[in-house]
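File shown: entry.csv (CSV, C-alpha atoms and all ligand atoms).
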```
chain,number,residue,atom,x,y,z
A,22,MET,CA,47.5,161.5,90.8
A,23,LYS,CA,44.7,160.6,93.2
A,24,ARG,CA,45.4,158.5,96.3
A,25,LEU,CA,43.7,155.2,97.1
A,26,ALA,CA,43.4,153.7,100.6
A,27,VAL,CA,42.3,150.1,101.1
A,28,ILE,CA,40.4,149.1,104.2
A,29,GLY,CA,40.7,145.3,104.2
A,30,PRO,CA,43.6,144.6,101.8
A,31,GLY,CA,42.9,140.9,101.4
A,32,ARG,CA,42.4,138.9,98.2
A,33,VAL,CA,40.3,141.6,96.4
A,34,GLY,CA,41.8,144.7,97.9
A,35,ARG,CA,45.4,143.8,97.3
A,36,THR,CA,44.8,142.6,93.8
A,37,LEU,CA,43.0,145.8,92.7
A,38,ALA,CA,45.5,148.0,94.5
A,39,ARG,CA,48.5,146.3,92.8
A,40,LEU,CA,46.8,146.6,89.4
A,41,PHE,CA,46.0,150.3,90.0
A,42,HIS,CA,49.5,151.0,91.2
A,43,ALA,CA,51.2,149.1,88.4
A,44,ALA,CA,49.1,150.9,85.8
A,45,GLY,CA,49.8,154.3,87.4
A,46,VAL,CA,46.1,154.9,87.9
A,47,PHE,CA,46.3,155.7,91.6
A,48,GLU,CA,48.9,156.4,94.2
A,49,ILE,CA,48.5,153.8,97.0
A,50,GLY,CA,48.0,155.3,100.5
A,51,ALA,CA,46.9,153.6,103.7
A,52,LEU,CA,46.4,149.9,103.9
A,53,VAL,CA,44.2,149.1,106.9
A,54,SER,CA,43.5,145.7,108.4
A,55,ARG,CA,42.9,144.5,112.0
A,56,SER,CA,46.3,142.8,112.1
A,57,THR,CA,49.5,144.6,111.0
A,58,GLY,CA,50.7,141.3,109.4
A,59,THR,CA,47.9,141.4,106.8
A,60,ALA,CA,48.5,145.1,105.9
A,61,GLY,CA,52.2,144.5,105.8
A,62,SER,CA,52.0,141.5,103.5
A,63,ALA,CA,49.6,143.6,101.3
A,64,ALA,CA,52.1,146.4,101.1
A,65,ALA,CA,54.8,143.9,100.0
A,66,PHE,CA,52.5,142.4,97.4
A,67,ILE,CA,51.4,145.8,96.0
A,68,GLY,CA,54.8,147.3,96.2
A,69,ALA,CA,53.4,150.4,97.8
A,70,GLY,CA,51.2,151.7,100.6
A,71,GLN,CA,51.4,152.7,104.3
A,72,VAL,CA,50.7,149.9,106.7
A,73,ASN,CA,47.8,150.9,108.9
A,74,GLY,CA,48.2,154.5,107.8
A,75,ASP,CA,45.4,157.1,107.9
A,76,PRO,CA,42.7,156.5,105.3
A,77,ALA,CA,41.4,160.1,105.7
A,78,GLU,CA,44.3,161.3,103.7
A,79,ALA,CA,43.1,159.4,100.6
A,80,ASP,CA,40.8,160.7,97.8
A,81,ILE,CA,39.3,157.2,97.3
A,82,ILE,CA,38.8,154.6,100.0
A,83,LEU,CA,38.2,151.0,98.8
A,84,VAL,CA,36.5,149.0,101.5
A,85,SER,CA,37.1,145.3,100.8
A,86,VAL,CA,36.5,143.7,104.2
A,87,PRO,CA,34.5,140.4,104.5
A,88,ASP,CA,30.7,141.1,104.3
A,89,PRO,CA,30.0,140.7,108.1
A,90,GLU,CA,32.6,143.4,108.8
A,91,LEU,CA,31.3,145.9,106.2
A,92,ASN,CA,28.9,147.9,108.3
A,93,SER,CA,31.4,148.5,111.1
A,94,ALA,CA,34.3,149.2,108.8
A,95,ILE,CA,32.2,151.9,107.0
A,96,ALA,CA,30.8,153.3,110.3
A,97,ARG,CA,34.4,153.8,111.5
A,98,LEU,CA,35.0,156.0,108.5
A,99,ALA,CA,32.2,158.3,109.7
A,100,LEU,CA,34.5,159.1,112.7
A,101,CYS,CA,37.5,160.1,110.4
A,102,ASP,CA,38.1,163.6,109.2
A,103,LEU,CA,37.5,162.7,105.6
A,104,LYS,CA,38.2,165.2,102.8
A,105,PRO,CA,35.1,166.7,101.1
A,106,ASP,CA,34.2,164.6,98.0
A,107,THR,CA,36.1,161.6,99.2
A,108,MET,CA,35.0,158.5,97.2
A,109,ILE,CA,34.1,155.5,99.3
A,110,ALA,CA,33.7,152.2,97.3
A,111,HIS,CA,32.9,148.7,98.6
A,112,THR,CA,33.4,145.5,96.6
A,113,SER,CA,30.7,143.3,98.1
A,114,GLY,CA,28.4,141.4,95.7
A,115,ALA,CA,25.7,140.8,98.2
A,116,ARG,CA,25.5,144.4,99.7
A,117,GLY,CA,24.3,147.5,98.0
A,118,LEU,CA,24.2,151.2,98.7
A,119,GLU,CA,22.4,150.6,102.1
A,120,ALA,CA,25.8,149.6,103.4
A,121,PHE,CA,26.8,153.3,103.4
A,122,ALA,CA,23.9,154.4,105.7
A,123,SER,CA,26.2,155.4,108.5
A,124,LEU,CA,27.8,158.0,106.1
A,125,SER,CA,24.6,159.8,105.2
A,126,GLY,CA,24.9,163.5,105.5
A,127,LEU,CA,28.6,163.5,105.0
A,128,PRO,CA,30.1,165.2,101.9
A,129,VAL,CA,31.3,161.9,100.4
A,130,ARG,CA,30.5,160.0,97.2
A,131,CYS,CA,29.5,156.4,97.7
A,132,VAL,CA,29.7,153.6,95.1
A,133,CYS,CA,29.4,149.8,95.0
A,134,ALA,CA,32.1,148.4,92.7
A,135,HIS,CA,31.6,144.6,92.5
A,136,PRO,CA,34.3,142.8,90.5
A,137,VAL,CA,32.5,139.7,89.2
A,138,LYS,CA,35.4,137.3,89.5
A,139,ALA,CA,36.6,134.6,91.8
A,140,PHE,CA,39.7,136.1,93.6
A,141,SER,CA,41.1,132.9,95.1
A,142,ASP,CA,44.8,133.6,94.7
A,143,PRO,CA,46.0,137.3,94.3
A,144,GLU,CA,49.1,136.4,92.2
A,145,ARG,CA,46.8,134.5,89.8
A,146,SER,CA,44.0,137.2,90.0
A,147,VAL,CA,46.5,140.0,89.0
A,148,LYS,CA,47.3,138.0,85.8
A,149,THR,CA,43.7,137.0,85.0
A,150,PHE,CA,41.9,140.3,85.9
A,151,ALA,CA,41.8,141.6,82.3
A,152,GLY,CA,38.2,141.3,80.9
A,153,THR,CA,36.6,141.1,84.3
A,154,MET,CA,33.2,142.8,84.6
A,155,VAL,CA,32.8,145.2,87.4
A,156,THR,CA,29.3,146.3,88.2
A,157,LEU,CA,28.8,149.9,89.5
A,158,GLN,CA,26.0,151.4,91.6
A,159,GLY,CA,25.9,154.8,93.2
A,160,GLU,CA,26.9,158.5,92.8
A,161,SER,CA,27.3,159.2,89.1
A,162,SER,CA,30.6,161.1,89.1
A,163,ALA,CA,32.2,158.4,91.3
A,164,ARG,CA,30.9,155.7,89.0
A,165,ASP,CA,32.4,157.5,86.0
A,166,GLU,CA,35.7,157.9,87.7
A,167,LEU,CA,35.9,154.3,88.8
A,168,ALA,CA,34.8,153.1,85.3
A,169,GLY,CA,37.8,154.9,83.9
A,170,ALA,CA,40.1,153.4,86.5
A,171,PHE,CA,38.9,149.9,85.9
A,172,LYS,CA,39.2,150.3,82.2
A,173,ALA,CA,42.8,151.3,82.7
A,174,ILE,CA,43.6,148.0,84.3
A,175,GLY,CA,41.7,145.9,81.7
A,176,GLY,CA,38.3,145.7,83.4
A,177,ARG,CA,34.9,146.3,81.9
A,178,THR,CA,32.1,148.0,83.8
A,179,LEU,CA,28.3,148.0,83.8
A,180,GLY,CA,26.1,150.4,85.7
A,181,LEU,CA,23.2,149.0,87.7
A,182,PRO,CA,20.2,151.0,88.8
A,183,ASP,CA,20.6,152.1,92.4
A,184,ASP,CA,17.5,150.2,93.5
A,185,THR,CA,18.7,146.8,92.2
A,186,ASP,CA,18.0,144.1,94.8
A,187,ARG,CA,21.5,143.0,95.7
A,188,THR,CA,20.5,139.7,97.3
A,189,LEU,CA,18.9,138.5,94.1
A,190,TYR,CA,21.7,140.0,91.9
A,191,HIS,CA,24.2,138.1,94.0
A,192,ALA,CA,22.1,134.9,94.0
A,193,ALA,CA,22.1,135.1,90.1
A,194,ILE,CA,25.9,135.0,90.1
A,195,VAL,CA,26.0,132.2,92.6
A,196,PHE,CA,23.7,130.2,90.4
A,197,MET,CA,25.9,130.5,87.4
A,198,ALA,CA,29.5,130.6,88.8
A,199,ASN,CA,29.3,128.7,92.1
A,200,HIS,CA,26.8,126.0,91.2
A,201,LEU,CA,28.6,125.0,88.0
A,202,PRO,CA,31.5,123.3,89.9
A,203,THR,CA,28.8,121.5,92.0
A,204,LEU,CA,27.2,120.1,88.8
A,205,VAL,CA,30.6,118.9,87.6
A,206,GLN,CA,31.2,117.2,91.0
A,207,ALA,CA,27.7,115.5,90.7
A,208,GLY,CA,28.8,114.2,87.3
A,209,LEU,CA,32.1,112.9,88.6
A,210,GLU,CA,30.3,111.1,91.5
A,211,THR,CA,28.0,109.5,88.9
A,212,PHE,CA,31.0,108.4,86.8
A,213,ALA,CA,32.6,107.0,90.0
A,214,SER,CA,29.6,104.8,90.5
A,215,VAL,CA,30.5,103.0,87.3
A,216,GLY,CA,34.2,103.0,88.0
A,217,ILE,CA,35.3,106.0,85.9
A,218,ASN,CA,37.9,107.9,87.9
A,219,ARG,CA,38.2,111.6,88.4
A,220,GLU,CA,41.0,112.2,85.9
A,221,ASP,CA,39.2,110.3,83.1
A,222,GLY,CA,35.9,111.9,84.1
A,223,LEU,CA,37.3,115.4,83.7
A,224,ALA,CA,38.9,114.3,80.4
A,225,ILE,CA,35.5,113.1,79.1
A,226,ALA,CA,33.7,116.2,80.4
A,227,GLY,CA,36.2,118.9,79.3
A,228,PRO,CA,35.4,119.3,75.6
A,229,ILE,CA,31.6,119.1,76.0
A,230,LEU,CA,31.6,121.4,79.0
A,231,ARG,CA,33.7,124.0,77.1
A,232,ASP,CA,31.6,123.7,73.9
A,233,THR,CA,28.3,123.9,75.8
A,234,LEU,CA,29.5,127.0,77.8
A,235,GLU,CA,30.6,128.7,74.6
A,236,ALA,CA,27.2,127.9,72.9
A,237,VAL,CA,25.3,129.2,76.0
A,238,LEU,CA,27.2,132.5,76.0
A,239,GLU,CA,26.9,132.9,72.2
A,240,ARG,CA,23.3,131.8,71.6
A,241,GLY,CA,21.6,131.8,75.0
A,242,PRO,CA,20.6,128.9,77.2
A,243,ALA,CA,17.5,127.6,75.3
A,244,ALA,CA,19.2,127.6,71.9
A,245,ALA,CA,22.2,125.8,73.4
A,246,LEU,CA,20.2,123.1,75.1
A,247,THR,CA,20.5,119.5,73.9
A,248,GLY,CA,19.9,116.0,75.6
A,249,PRO,CA,17.0,113.8,76.6
A,250,VAL,CA,14.9,116.5,78.4
A,251,ALA,CA,15.2,118.9,75.4
A,252,ARG,CA,13.9,116.0,73.2
A,253,GLY,CA,11.1,115.3,75.7
A,254,ASP,CA,12.4,111.7,76.2
A,255,ALA,CA,10.7,110.8,79.4
A,256,VAL,CA,11.7,107.1,79.1
A,257,THR,CA,15.4,107.9,79.3
A,258,VAL,CA,14.9,110.4,82.1
A,259,ALA,CA,12.9,107.8,84.1
A,260,ARG,CA,15.8,105.3,83.7
A,261,HIS,CA,18.4,107.9,84.8
A,262,LEU,CA,16.3,108.7,87.9
A,263,GLU,CA,15.9,105.0,88.8
A,264,GLN,CA,19.6,104.2,88.5
A,265,LEU,CA,20.8,107.4,90.2
A,266,ASN,CA,18.4,106.8,93.1
A,267,ALA,CA,19.9,103.3,93.5
A,268,ALA,CA,23.5,104.7,93.4
A,269,ASP,CA,22.9,107.8,95.6
A,270,PRO,CA,19.5,109.2,96.4
A,271,ASP,CA,21.0,112.7,96.7
A,272,LEU,CA,22.1,112.6,93.1
A,273,ALA,CA,18.6,111.7,92.0
A,274,VAL,CA,17.1,114.6,94.0
A,275,LEU,CA,19.6,117.0,92.3
A,276,TYR,CA,19.0,115.5,88.9
A,277,ALA,CA,15.2,115.7,89.3
A,278,ALA,CA,15.2,119.4,90.3
A,279,LEU,CA,17.4,120.3,87.4
A,280,ALA,CA,15.4,118.1,84.9
A,281,ARG,CA,12.2,120.0,85.9
A,282,ALA,CA,13.9,123.4,85.3
A,283,THR,CA,15.4,122.0,82.0
A,284,ALA,CA,11.9,120.9,81.0
A,285,ASP,CA,10.7,124.5,81.4
A,286,LEU,CA,13.6,125.7,79.3
A,287,SER,CA,12.9,123.0,76.7
A,288,ALA,CA,9.3,124.3,76.4
A,289,GLU,CA,10.7,127.7,75.6
A,290,LYS,CA,12.9,126.1,72.9
A,291,GLY,CA,9.8,124.5,71.5
A,292,GLU,CA,11.3,121.3,69.9
A,293,ALA,CA,10.1,118.7,72.4
A,294,SER,CA,6.5,117.4,72.5
A,295,VAL,CA,4.3,118.9,75.2
A,296,GLU,CA,3.3,115.3,76.3
A,297,GLY,CA,7.0,114.4,76.8
A,298,LEU,CA,7.8,117.5,78.9
A,299,LEU,CA,4.7,117.0,81.0
A,300,ALA,CA,5.7,113.4,81.6
A,301,ILE,CA,9.1,114.5,82.7
A,302,ARG,CA,7.6,117.0,85.2
A,303,GLU,CA,5.3,114.2,86.5
A,304,LEU,CA,8.1,111.6,87.0
A,305,THR,CA,10.5,114.1,88.6
A,306,ALA,CA,7.9,115.4,91.1
A,307,PRO,CA,8.3,112.6,93.8
A,308,PHE,CA,12.0,113.4,94.0
A,309,THR,CA,11.6,117.1,94.5
A,310,ARG,CA,9.1,117.2,97.3
A,401,LIG,N1,37.0,136.7,97.0
A,401,LIG,C1,36.3,136.9,96.0
A,401,LIG,O1,36.3,136.1,95.0
A,401,LIG,C2,35.4,138.1,95.9
A,401,LIG,C3,34.9,138.5,94.6
A,401,LIG,C4,34.2,139.7,94.5
A,401,LIG,C5,33.8,140.4,95.7
A,401,LIG,N2,34.3,139.9,96.9
A,401,LIG,C6,33.9,140.8,98.1
A,401,LIG,O2,35.1,141.6,98.4
A,401,LIG,C7,35.1,141.7,99.8
A,401,LIG,C8,36.4,141.2,100.4
A,401,LIG,O3,36.6,139.8,100.0
A,401,LIG,P1,38.0,139.1,100.1
A,401,LIG,O4,37.7,137.7,99.5
A,401,LIG,O5,39.0,139.9,99.5
A,401,LIG,O6,38.2,138.9,101.6
A,401,LIG,P2,39.5,138.5,102.4
A,401,LIG,O7,40.5,137.9,101.4
A,401,LIG,O8,39.1,137.7,103.6
A,401,LIG,O9,40.2,139.8,102.9
A,401,LIG,C9,39.5,140.7,103.8
A,401,LIG,C10,40.5,141.6,104.4
A,401,LIG,O10,39.9,142.4,105.4
A,401,LIG,C11,40.6,142.5,106.6
A,401,LIG,N3,39.6,142.9,107.6
A,401,LIG,C12,38.7,142.1,108.1
A,401,LIG,N4,37.9,142.8,109.0
A,401,LIG,C13,38.4,144.0,108.9
A,401,LIG,C14,38.0,145.2,109.6
A,401,LIG,N5,37.0,145.2,110.5
A,401,LIG,N6,38.7,146.4,109.4
A,401,LIG,C15,39.8,146.3,108.5
A,401,LIG,N7,40.2,145.2,107.8
A,401,LIG,C16,39.5,144.1,108.1
A,401,LIG,C17,41.3,141.2,106.7
A,401,LIG,O11,42.6,141.3,107.4
A,401,LIG,P3,42.6,141.1,109.0
A,401,LIG,O12,41.9,139.8,109.3
A,401,LIG,O13,44.0,141.2,109.4
A,401,LIG,O14,41.8,142.2,109.5
A,401,LIG,C18,41.6,140.9,105.2
A,401,LIG,O15,42.8,141.5,104.8
A,401,LIG,C19,33.9,141.0,100.4
A,401,LIG,O16,32.8,141.9,100.5
A,401,LIG,C20,33.6,140.0,99.3
A,401,LIG,O17,32.2,139.6,99.3
A,401,LIG,C21,35.1,138.8,97.0
```
Any chance you could give the structure as structure tokens?
Ligand SMILES: NC(=O)c1ccc[n+]([C@@H]2O[C@H](COP(=O)([O-])OP(=O)(O)OC[C@H]3O[C@@H](n4cnc5c(N)ncnc54)[C@H](OP(=O)(O)O)[C@@H]3O)[C@@H](O)[C@H]2O)c1
Amino acid sequence: MKRLAVIGPGRVGRTLARLFHAAGVFEIGALVSRSTGTAGSAAAFIGAGQVNGDPAEADIILVSVPDPELNSAIARLALCDLKPDTMIAHTSGARGLEAFASLSGLPVRCVCAHPVKAFSDPERSVKTFAGTMVTLQGESSARDELAGAFKAIGGRTLGLPDDTDRTLYHAAIVFMANHLPTLVQAGLETFASVGINREDGLAIAGPILRDTLEAVLERGPAAALTGPVARGDAVTVARHLEQLNAADPDLAVLYAALARATADLSAEKGEASVEGLLAIRELTAPFTR
């Protein structure tokens, strides 16, 4: 069995190591962090691993340090006596293959393995990992090997071209996964302005949110779109903007920016009148400048 070392066994590193260990995919070797406490708690969580051991003894080194530490953590590996063909993988969403620049010329295989999941709590992440998509970029044999390993712990993988712009790739995920809670919060604040509390607000929103998300994933954003913008109803949108602006001008600015983008999506859907959509673009403009 191949041996996996983890540099930065935090939320992502310890979750993956525990899953690989439990499924018998990899033997767990060195767990390296700046503080012994972190590596020690990771070893206890994983149920295996050598606290601040030597990563050079591993066949696969998973680098899951915070993004600002990535360059220096990888550069330190260049000083280790790595085995030929060692696989080095990082889990960053925002960084690509350029993060491995300090290893160029060494006989190692580099791969970006980004698990597209929110790893907030490792105990929970271990239980909910199945079905997670992991995007892979880099050396082809390393990609194939990791694809097999992630499949064995219930993950799915998708290869990305090596020249994919990682900043925009990451921004796309931020749009969809990180901004959704922000939209729900804006809705709850708007409910609060008419006296509907958070609990009732979430109860009202739950079914329509779930149904809309399912429809978007099944049929695509344009087909799933409903509501006043999709109908080209500029009168209702104008009223919303007026009242939101009175309640909280920041909510009106956010609504207007989204209504403009929704008008573009509605044009693609093709059910609203062109006049209605143009009127919506016109009346939202003052809020978005
Ligand atoms: N969290 C997510 O939802 C998520 C999802 C997908 C991808 N990612 C990516 O995965 C990577 C790790 O994220 P995370 O959320 O797991 O971070 P994290 O929970 O903060 O864990 C980072 C770990 O790295 C250690 N560390 C920091 N600097 C180090 C260094 N120079 N050398 C060795 N160890 C170091 C930290 O321990 P010490 O402080 O003791 O050193 C800690 O154990 C990041 O690239 C992140 O963008 C995160």
Protein and nucleic acid residues near (24.3, 123.4, 76.6) (cut-off 7 Å, all atoms listed in the file) as a CSV table (one decimal) with C-alpha atoms, in the frame of the given file:
```csv
chain,number,residue,atom,x,y,z
A,233,THR,CA,28.3,123.9,75.8
A,234,LEU,CA,29.5,127.0,77.8
A,236,ALA,CA,27.2,127.9,72.9
A,237,VAL,CA,25.3,129.2,76.0
A,242,PRO,CA,20.6,128.9,77.2
A,245,ALA,CA,22.2,125.8,73.4
A,246,LEU,CA,20.2,123.1,75.1
A,247,THR,CA,20.5,119.5,73.9
```
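A cut-off of 8 Å from the point (43.4, 159.9, 101.2), with all atoms listed in the file, picks out the residues Arg24, Leu25, Ala26, Gly50, Ala51, Asp75, Pro76, Ala77, Glu78, Ala79, Asp80, Ile81, Ile82, Leu103, Lys104 and Thr107 of chain A.
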Top pick for closest residue to ligand LIG 401 (chain A), considering A:Arg177, A:His42, A:Arg35, A:Lys172 and counting all atoms listed in the file: A:Arg35
Would you list the residues that come within 8 Å of ligand LIG 401 (chain A)? Count only C-alpha atoms and all ligand atoms and give the answer as a PDB file with C-alpha atoms, keeping the file's coordinate frame.
```pdb
ATOM      1  CA  ILE A  28      40.400 149.100 104.200  1.00  0.00           C
ATOM      2  CA  GLY A  29      40.700 145.300 104.200  1.00  0.00           C
ATOM      3  CA  PRO A  30      43.600 144.600 101.800  1.00  0.00           C
ATOM      4  CA  GLY A  31      42.900 140.900 101.400  1.00  0.00           C
ATOM      5  CA  ARG A  32      42.400 138.900  98.200  1.00  0.00           C
ATOM      6  CA  VAL A  33      40.300 141.600  96.400  1.00  0.00           C
ATOM      7  CA  GLY A  34      41.800 144.700  97.900  1.00  0.00           C
ATOM      8  CA  ARG A  35      45.400 143.800  97.300  1.00  0.00           C
ATOM      9  CA  VAL A  53      44.200 149.100 106.900  1.00  0.00           C
ATOM     10  CA  SER A  54      43.500 145.700 108.400  1.00  0.00           C
ATOM     11  CA  ARG A  55      42.900 144.500 112.000  1.00  0.00           C
ATOM     12  CA  SER A  56      46.300 142.800 112.100  1.00  0.00           C
ATOM     13  CA  THR A  57      49.500 144.600 111.000  1.00  0.00           C
ATOM     14  CA  GLY A  58      50.700 141.300 109.400  1.00  0.00           C
ATOM     15  CA  THR A  59      47.900 141.400 106.800  1.00  0.00           C
ATOM     16  CA  ALA A  60      48.500 145.100 105.900  1.00  0.00           C
ATOM     17  CA  ALA A  63      49.600 143.600 101.300  1.00  0.00           C
ATOM     18  CA  VAL A  84      36.500 149.000 101.500  1.00  0.00           C
ATOM     19  CA  SER A  85      37.100 145.300 100.800  1.00  0.00           C
ATOM     20  CA  VAL A  86      36.500 143.700 104.200  1.00  0.00           C
ATOM     21  CA  PRO A  87      34.500 140.400 104.500  1.00  0.00           C
ATOM     22  CA  ASP A  88      30.700 141.100 104.300  1.00  0.00           C
ATOM     23  CA  GLU A  90      32.600 143.400 108.800  1.00  0.00           C
ATOM     24  CA  LEU A  91      31.300 145.900 106.200  1.00  0.00           C
ATOM     25  CA  SER A  93      31.400 148.500 111.100  1.00  0.00           C
ATOM     26  CA  ALA A  94      34.300 149.200 108.800  1.00  0.00           C
ATOM     27  CA  HIS A 111      32.900 148.700  98.600  1.00  0.00           C
ATOM     28  CA  THR A 112      33.400 145.500  96.600  1.00  0.00           C
ATOM     29  CA  SER A 113      30.700 143.300  98.100  1.00  0.00           C
ATOM     30  CA  GLY A 114      28.400 141.400  95.700  1.00  0.00           C
ATOM     31  CA  ALA A 115      25.700 140.800  98.200  1.00  0.00           C
ATOM     32  CA  ARG A 116      25.500 144.400  99.700  1.00  0.00           C
ATOM     33  CA  HIS A 135      31.600 144.600  92.500  1.00  0.00           C
ATOM     34  CA  PRO A 136      34.300 142.800  90.500  1.00  0.00           C
ATOM     35  CA  VAL A 137      32.500 139.700  89.200  1.00  0.00           C
ATOM     36  CA  LYS A 138      35.400 137.300  89.500  1.00  0.00           C
ATOM     37  CA  ALA A 139      36.600 134.600  91.800  1.00  0.00           C
ATOM     38  CA  PHE A 140      39.700 136.100  93.600  1.00  0.00           C
ATOM     39  CA  SER A 141      41.100 132.900  95.100  1.00  0.00           C
TER      40      SER A 141
END
```
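Nearest-residue note for Pro249 in chain A: choosing from A:Gly297, A:Gly152, A:Pro105, A:Gly74, the minimum distance belongs to A:Gly297, counting all atoms listed in the file.
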Can you pull out every residue within 12 Å of Leu209 in chain A, counting only C-alpha atoms, but drop anything in the same chain fewer than 2 positions away, and send it as a list in words? Pro202, Thr203, Leu204, Val205, Gln206, Ala207, Thr211, Phe212, Ala213, Ser214, Val215, Gly216, Ile217, Asn218, Arg219, Glu220, Asp221, Gly222, Leu223, Ala224, Ile225, Ala226, Gly227 and Leu272 of chain A
Next, the residues of the selection above should be written as an mmCIF file, keeping the file's coordinate frame with C-alpha atoms.
```cif
data_model
loop_
_atom_site.group_PDB
_atom_site.id
_atom_site.type_symbol
_atom_site.label_atom_id
_atom_site.label_comp_id
_atom_site.auth_asym_id
_atom_site.auth_seq_id
_atom_site.Cartn_x
_atom_site.Cartn_y
_atom_site.Cartn_z
ATOM 1 C CA PRO A 202 31.500 123.300 89.900
ATOM 2 C CA THR A 203 28.800 121.500 92.000
ATOM 3 C CA LEU A 204 27.200 120.100 88.800
ATOM 4 C CA VAL A 205 30.600 118.900 87.600
ATOM 5 C CA GLN A 206 31.200 117.200 91.000
ATOM 6 C CA ALA A 207 27.700 115.500 90.700
ATOM 7 C CA THR A 211 28.000 109.500 88.900
ATOM 8 C CA PHE A 212 31.000 108.400 86.800
ATOM 9 C CA ALA A 213 32.600 107.000 90.000
ATOM 10 C CA SER A 214 29.600 104.800 90.500
ATOM 11 C CA VAL A 215 30.500 103.000 87.300
ATOM 12 C CA GLY A 216 34.200 103.000 88.000
ATOM 13 C CA ILE A 217 35.300 106.000 85.900
ATOM 14 C CA ASN A 218 37.900 107.900 87.900
ATOM 15 C CA ARG A 219 38.200 111.600 88.400
ATOM 16 C CA GLU A 220 41.000 112.200 85.900
ATOM 17 C CA ASP A 221 39.200 110.300 83.100
ATOM 18 C CA GLY A 222 35.900 111.900 84.100
ATOM 19 C CA LEU A 223 37.300 115.400 83.700
ATOM 20 C CA ALA A 224 38.900 114.300 80.400
ATOM 21 C CA ILE A 225 35.500 113.100 79.100
ATOM 22 C CA ALA A 226 33.700 116.200 80.400
ATOM 23 C CA GLY A 227 36.200 118.900 79.300
ATOM 24 C CA LEU A 272 22.100 112.600 93.100
#
```
Would you compute the distance between CA of Arg39 in chain A and CA of Ile67 in chain A? Give it in Å to one decimal. 4.3 Å
Quote the spacing between CA of Ala151 in chain A and CA of Gly45 in chain A in Å to one decimal place. 15.9 Å
Given the choices A:Arg164, A:Lys290, A:His191, A:Ala43, which gets closest to Arg240 in chain A if the distance is worked out from only C-alpha atoms? A:Lys290
Report, in Å to a single decimal, how far apart CA of Ser62 in chain A and CA of Val132 in chain A are. 26.7 Å
From the list A:Val155, A:Ala282, A:Leu299, A:Cys101, which residue is nearest Leu167 in chain A when using only C-alpha atoms? A:Val155
Quick one: residues within 12 Å of range 257-263 of chain A, all atoms listed in the file counted, chain neighbours fewer than 6 positions away excluded, as a ChimeraX atom specification? /A:211,248-251,269-281,283-284,297-298,300-309
Restricting the output to C-alpha atoms, write the selected residues as a PDB file, in the coordinates of the input.
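The resulting part04.pdb:
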```
ATOM      1  CA  THR A 211      28.000 109.500  88.900  1.00  0.00           C
ATOM      2  CA  GLY A 248      19.900 116.000  75.600  1.00  0.00           C
ATOM      3  CA  PRO A 249      17.000 113.800  76.600  1.00  0.00           C
ATOM      4  CA  VAL A 250      14.900 116.500  78.400  1.00  0.00           C
ATOM      5  CA  ALA A 251      15.200 118.900  75.400  1.00  0.00           C
ATOM      6  CA  ASP A 269      22.900 107.800  95.600  1.00  0.00           C
ATOM      7  CA  PRO A 270      19.500 109.200  96.400  1.00  0.00           C
ATOM      8  CA  ASP A 271      21.000 112.700  96.700  1.00  0.00           C
ATOM      9  CA  LEU A 272      22.100 112.600  93.100  1.00  0.00           C
ATOM     10  CA  ALA A 273      18.600 111.700  92.000  1.00  0.00           C
ATOM     11  CA  VAL A 274      17.100 114.600  94.000  1.00  0.00           C
ATOM     12  CA  LEU A 275      19.600 117.000  92.300  1.00  0.00           C
ATOM     13  CA  TYR A 276      19.000 115.500  88.900  1.00  0.00           C
ATOM     14  CA  ALA A 277      15.200 115.700  89.300  1.00  0.00           C
ATOM     15  CA  ALA A 278      15.200 119.400  90.300  1.00  0.00           C
ATOM     16  CA  LEU A 279      17.400 120.300  87.400  1.00  0.00           C
ATOM     17  CA  ALA A 280      15.400 118.100  84.900  1.00  0.00           C
ATOM     18  CA  ARG A 281      12.200 120.000  85.900  1.00  0.00           C
ATOM     19  CA  THR A 283      15.400 122.000  82.000  1.00  0.00           C
ATOM     20  CA  ALA A 284      11.900 120.900  81.000  1.00  0.00           C
ATOM     21  CA  GLY A 297       7.000 114.400  76.800  1.00  0.00           C
ATOM     22  CA  LEU A 298       7.800 117.500  78.900  1.00  0.00           C
ATOM     23  CA  ALA A 300       5.700 113.400  81.600  1.00  0.00           C
ATOM     24  CA  ILE A 301       9.100 114.500  82.700  1.00  0.00           C
ATOM     25  CA  ARG A 302       7.600 117.000  85.200  1.00  0.00           C
ATOM     26  CA  GLU A 303       5.300 114.200  86.500  1.00  0.00           C
ATOM     27  CA  LEU A 304       8.100 111.600  87.000  1.00  0.00           C
ATOM     28  CA  THR A 305      10.500 114.100  88.600  1.00  0.00           C
ATOM     29  CA  ALA A 306       7.900 115.400  91.100  1.00  0.00           C
ATOM     30  CA  PRO A 307       8.300 112.600  93.800  1.00  0.00           C
ATOM     31  CA  PHE A 308      12.000 113.400  94.000  1.00  0.00           C
ATOM     32  CA  THR A 309      11.600 117.100  94.500  1.00  0.00           C
TER      33      THR A 309
END
```
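With all atoms listed in the file as the atoms that count, the minimum distance from Ala168 in chain A to the choices A:Ala122, A:Ala134, A:Ile95, A:Leu40 is reached by A:Ala134.
For the choices A:Ala65, A:Leu157, A:Leu286, A:Leu230, the atom-to-atom distance to Leu201 in chain A is smallest for A:Leu230 when using all atoms listed in the file.
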